[in-house]
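Working notes for the structure below.
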Amino acid sequence: MPPTFDQLLDPLLLLAATVPITRRSATEAMIAHFELAPDETAERTIGGATTVIGHRTQWALSRLAKAGLIEKLATGAYRASSKGISLRTRRPGGITLQDLDCEPVTALEGSCEPGKPGVSDPRTGAATPAEMLDAALQSVNNDLKARLMDAILDQSVGFFERLVVDLLVAMGYGGSTAIVAEQLGQSPDGIDGLINQDPLGFDRIFVQARRCVLSQAIDRKMMQAFAGWMIGQGISKGLFITTSTFDDDARALVDGLEQSRVLLVDGNEFLDLLVRHRIGVRVEQHIERLDVDQNYFSEGDA
C-alpha cells in the first residue's frame with residue numbers, strides 16, 4: 001500500500017534539503033524510497049485522474065510549502081527553506097504532521113505545542129481532503145447499492161426482466177428494448193435467451209439472469225446446465241447475471257471451458273453496472289472536485 005501523505009513529509013523535506021525537487025522527481029524519489037511494487041506505483045485514485053502516490057506526494061509538498069518548510073524556485077522546483085532545515089535539525093527523529101500544525105505561516109504564535117495537533121488544522125486522520133471526499137462518496141455509493149439491491153429483490157420477476165433488458169440495451173447489446181425483450185424469455189426466477197451482440201446479428205450471446213438472495217449462490221450444477229446448452233446450440237459466448245454470487249466450483253467450471261467464453265456478473269458488479277448506466281437510479285446532487293491542471297503549468301517541471 002502506498003504511504004500516507006504524512007509519511008512522505010520527512011523524506012520529502014530531507015530530499016529538498018539535498019537537491020531541488022519537482023512534483024515529478026519527488027514522486028519518483030518516494031517510489032524508490034519506499035520501494036513500492038509496480039502495482040502500488042500504478043494504483044490510481046478513485047476518480048482515476050492520477051496515481052495515489054502522485055496525489056499524496058503533491059499534497060505533502062503543498063503542506064510543506066504552506067508551512068514555509070520548502071520554497072519554490074524560479075525554475076518551478078522546490079528546495080528546503082532555512083525554516084525547514086531548522087525544524088528538521090530540532091526534530092532529528094523526523095518531522096510529523098503535528099509539527100507542521102505548529103508551523104503554518106498564518107498560525108498565531110503559541111497556538112499549539114510542538115508534537116501536538118494544532119488548532120489550525122483539525123484532522124480526522126492522515127488522508128488528504130480529496131481522499132476524505134472520495135471515501136465519503138464511496139460510503140454514499142455503498143449505501144445506494146445496498147438500497148438498490150433491496151428494491152430489486154422486493155419487485156416481481158417481471159420487473160427484474162425489464163431491469164436486465166434495460167441494462168443490456170444501455171450496454172449496447174441487442175438493439176432496441178423491444179427487440180431484446182422479445183429475444184429473452186421469462187422463467188420462474190429470471191430470464192434467458194439469445195440476443196445479438198451486433199446490430200445485424202452476426203454474433204449472438206446466450207444470456208441468463210437469475211434473481212436470487214445473497215445466500216443462494218449459483219453452483220456448479222446450474223453452470224453446467226448453462227454451458228451445456230451453449231455447447232449444444234453451437235453458441236460460443238455467454239453472459240450469466242445474478243443478484244447473488246457464484247461459488248468457487250461454478251467459477252472453476254467456467255475457467256475450464258475451451259469452446260465457449262462465459263462472462264459472470266455477480267450481484268455487486270450488477271449493481272455497479274446499473275449505477276454506471278443510470279438504470280434504476282437518478283442524480284440527486286452533482287459534485288465536481290477540481291484540481292490544478294499540472295499539464296497547463298508544466299513548463300520547467302521536469
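The chains in the C-alpha cells are called A, B, ... from first to last as shown; in each chain the residues are counted from 1, and the ligands are counted from 1 in the order shown.
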DSSP says strand (DSSP E) for which residues of range 78-227 of chain A? Put them as a PDB file with N, CA and C atoms, in the first residue's frame?
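Below is the file that was written, part_18.pdb:
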```pdb
ATOM      1  N   TYR A  78      11.308  22.966  -6.060  1.00  0.00           N
ATOM      2  CA  TYR A  78      11.258  23.333  -4.653  1.00  0.00           C
ATOM      3  C   TYR A  78      12.595  23.000  -3.989  1.00  0.00           C
ATOM      4  N   ARG A  79      12.882  23.726  -2.935  1.00  0.00           N
ATOM      5  CA  ARG A  79      14.028  23.413  -2.097  1.00  0.00           C
ATOM      6  C   ARG A  79      13.635  23.675  -0.650  1.00  0.00           C
ATOM      7  N   ALA A  80      14.354  23.053   0.260  1.00  0.00           N
ATOM      8  CA  ALA A  80      14.069  23.276   1.671  1.00  0.00           C
ATOM      9  C   ALA A  80      14.431  24.708   2.045  1.00  0.00           C
ATOM     10  N   LEU A 184     -35.601 -12.419 -25.149  1.00  0.00           N
ATOM     11  CA  LEU A 184     -35.387 -13.044 -23.847  1.00  0.00           C
ATOM     12  C   LEU A 184     -36.709 -13.507 -23.267  1.00  0.00           C
ATOM     13  N   GLY A 185     -36.749 -14.753 -22.801  1.00  0.00           N
ATOM     14  CA  GLY A 185     -37.972 -15.287 -22.218  1.00  0.00           C
ATOM     15  C   GLY A 185     -37.911 -15.291 -20.707  1.00  0.00           C
ATOM     16  N   GLN A 186     -39.082 -15.116 -20.085  1.00  0.00           N
ATOM     17  CA  GLN A 186     -39.141 -15.081 -18.620  1.00  0.00           C
ATOM     18  C   GLN A 186     -39.228 -16.498 -18.073  1.00  0.00           C
ATOM     19  N   SER A 187     -38.463 -16.735 -17.015  1.00  0.00           N
ATOM     20  CA  SER A 187     -38.504 -18.023 -16.314  1.00  0.00           C
ATOM     21  C   SER A 187     -38.948 -17.766 -14.879  1.00  0.00           C
ATOM     22  N   GLY A 190     -36.046 -15.608 -13.275  1.00  0.00           N
ATOM     23  CA  GLY A 190     -35.187 -14.724 -14.051  1.00  0.00           C
ATOM     24  C   GLY A 190     -35.531 -14.765 -15.519  1.00  0.00           C
ATOM     25  N   ILE A 191     -34.534 -14.599 -16.382  1.00  0.00           N
ATOM     26  CA  ILE A 191     -34.739 -14.604 -17.824  1.00  0.00           C
ATOM     27  C   ILE A 191     -33.593 -15.353 -18.489  1.00  0.00           C
ATOM     28  N   ASP A 192     -33.827 -15.803 -19.725  1.00  0.00           N
ATOM     29  CA  ASP A 192     -32.760 -16.379 -20.510  1.00  0.00           C
ATOM     30  C   ASP A 192     -33.146 -16.328 -21.974  1.00  0.00           C
ATOM     31  N   GLY A 193     -32.143 -16.345 -22.846  1.00  0.00           N
ATOM     32  CA  GLY A 193     -32.390 -16.315 -24.274  1.00  0.00           C
ATOM     33  C   GLY A 193     -31.181 -15.832 -25.033  1.00  0.00           C
ATOM     34  N   LEU A 194     -31.324 -15.709 -26.335  1.00  0.00           N
ATOM     35  CA  LEU A 194     -30.251 -15.269 -27.212  1.00  0.00           C
ATOM     36  C   LEU A 194     -30.478 -13.826 -27.631  1.00  0.00           C
ATOM     37  N   ILE A 195     -29.434 -13.031 -27.556  1.00  0.00           N
ATOM     38  CA  ILE A 195     -29.510 -11.655 -28.057  1.00  0.00           C
ATOM     39  C   ILE A 195     -28.349 -11.428 -29.022  1.00  0.00           C
ATOM     40  N   ASN A 196     -28.488 -10.418 -29.861  1.00  0.00           N
ATOM     41  CA  ASN A 196     -27.447 -10.093 -30.826  1.00  0.00           C
ATOM     42  C   ASN A 196     -26.363  -9.235 -30.183  1.00  0.00           C
ATOM     43  N   ARG A 204     -24.138 -13.909 -31.779  1.00  0.00           N
ATOM     44  CA  ARG A 204     -25.177 -13.954 -30.751  1.00  0.00           C
ATOM     45  C   ARG A 204     -24.603 -14.411 -29.413  1.00  0.00           C
ATOM     46  N   ILE A 205     -25.257 -13.975 -28.351  1.00  0.00           N
ATOM     47  CA  ILE A 205     -24.827 -14.288 -26.995  1.00  0.00           C
ATOM     48  C   ILE A 205     -25.993 -14.929 -26.250  1.00  0.00           C
ATOM     49  N   PHE A 206     -25.695 -15.995 -25.539  1.00  0.00           N
ATOM     50  CA  PHE A 206     -26.717 -16.592 -24.689  1.00  0.00           C
ATOM     51  C   PHE A 206     -26.679 -15.880 -23.342  1.00  0.00           C
ATOM     52  N   VAL A 207     -27.822 -15.354 -22.940  1.00  0.00           N
ATOM     53  CA  VAL A 207     -27.918 -14.593 -21.693  1.00  0.00           C
ATOM     54  C   VAL A 207     -28.811 -15.344 -20.714  1.00  0.00           C
ATOM     55  N   GLN A 208     -28.348 -15.447 -19.493  1.00  0.00           N
ATOM     56  CA  GLN A 208     -29.185 -15.977 -18.434  1.00  0.00           C
ATOM     57  C   GLN A 208     -29.027 -15.062 -17.220  1.00  0.00           C
ATOM     58  N   ALA A 209     -30.158 -14.717 -16.621  1.00  0.00           N
ATOM     59  CA  ALA A 209     -30.155 -13.857 -15.437  1.00  0.00           C
ATOM     60  C   ALA A 209     -31.011 -14.511 -14.362  1.00  0.00           C
ATOM     61  N   ARG A 210     -30.476 -14.572 -13.164  1.00  0.00           N
ATOM     62  CA  ARG A 210     -31.194 -15.206 -12.070  1.00  0.00           C
ATOM     63  C   ARG A 210     -31.275 -14.259 -10.881  1.00  0.00           C
TER      64      ARG A 210
END
```
Give me the range 133-226 of chain A side of the contact with range 41-64 of chain A, cut-off 9 Å, one line per residue showing its nearest atom pair and distance in Å at one decimal, counting only C-alpha atoms, sorted by chain and residue number, as JSON lines.
```
{"residue": "A:Asp134", "atom": "CA", "partner": "A:Ile46", "partner_atom": "CA", "distance": 6.6}
{"residue": "A:Ala135", "atom": "CA", "partner": "A:Ile46", "partner_atom": "CA", "distance": 8.7}
{"residue": "A:Gln138", "atom": "CA", "partner": "A:Ile46", "partner_atom": "CA", "distance": 8.7}
```
Would you mind listing what lies within 12 Å of range 249-254 of chain A as a ChimeraX atom specification, with only C-alpha atoms counted and same-chain residues fewer than 4 positions away left out?
/A:217-228,237-240,245,258-266
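Rounded to one decimal, CA of Glu284 in chain A and CA of Thr243 in chain A lie 24.6 Å from each other.
For the choices A:Leu12, A:Met30, A:Leu36, A:Ala130, the atom-to-atom distance to Ile70 in chain A is smallest for A:Leu12 when using only C-alpha atoms.
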Extract the full set of alpha helix (DSSP H) residues from range 51-269 of chain A according to DSSP on the backbone, and format it as a PyMOL selection string.
chain A and resi 52-66+82-90+97-101+129-154+157-170+177-183+220-233+248-255+267-269
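With distances restricted to only C-alpha atoms, A:Asp166 is the closest residue to Ile179 in chain A from A:Pro38, A:Leu9, A:Asp166, A:Leu69.
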Nearest residue to Ile235 in chain A from the set A:Gln197, A:Asn295, A:Asn268, A:Ser25 (distances using only C-alpha atoms):
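So, comparing all the options, the nearest one is A:Gln197.
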Could you jot down the CA of Ala170 in chain A to CA of Ser139 in chain A separation for me, Å, one decimal place?
25.5 Å
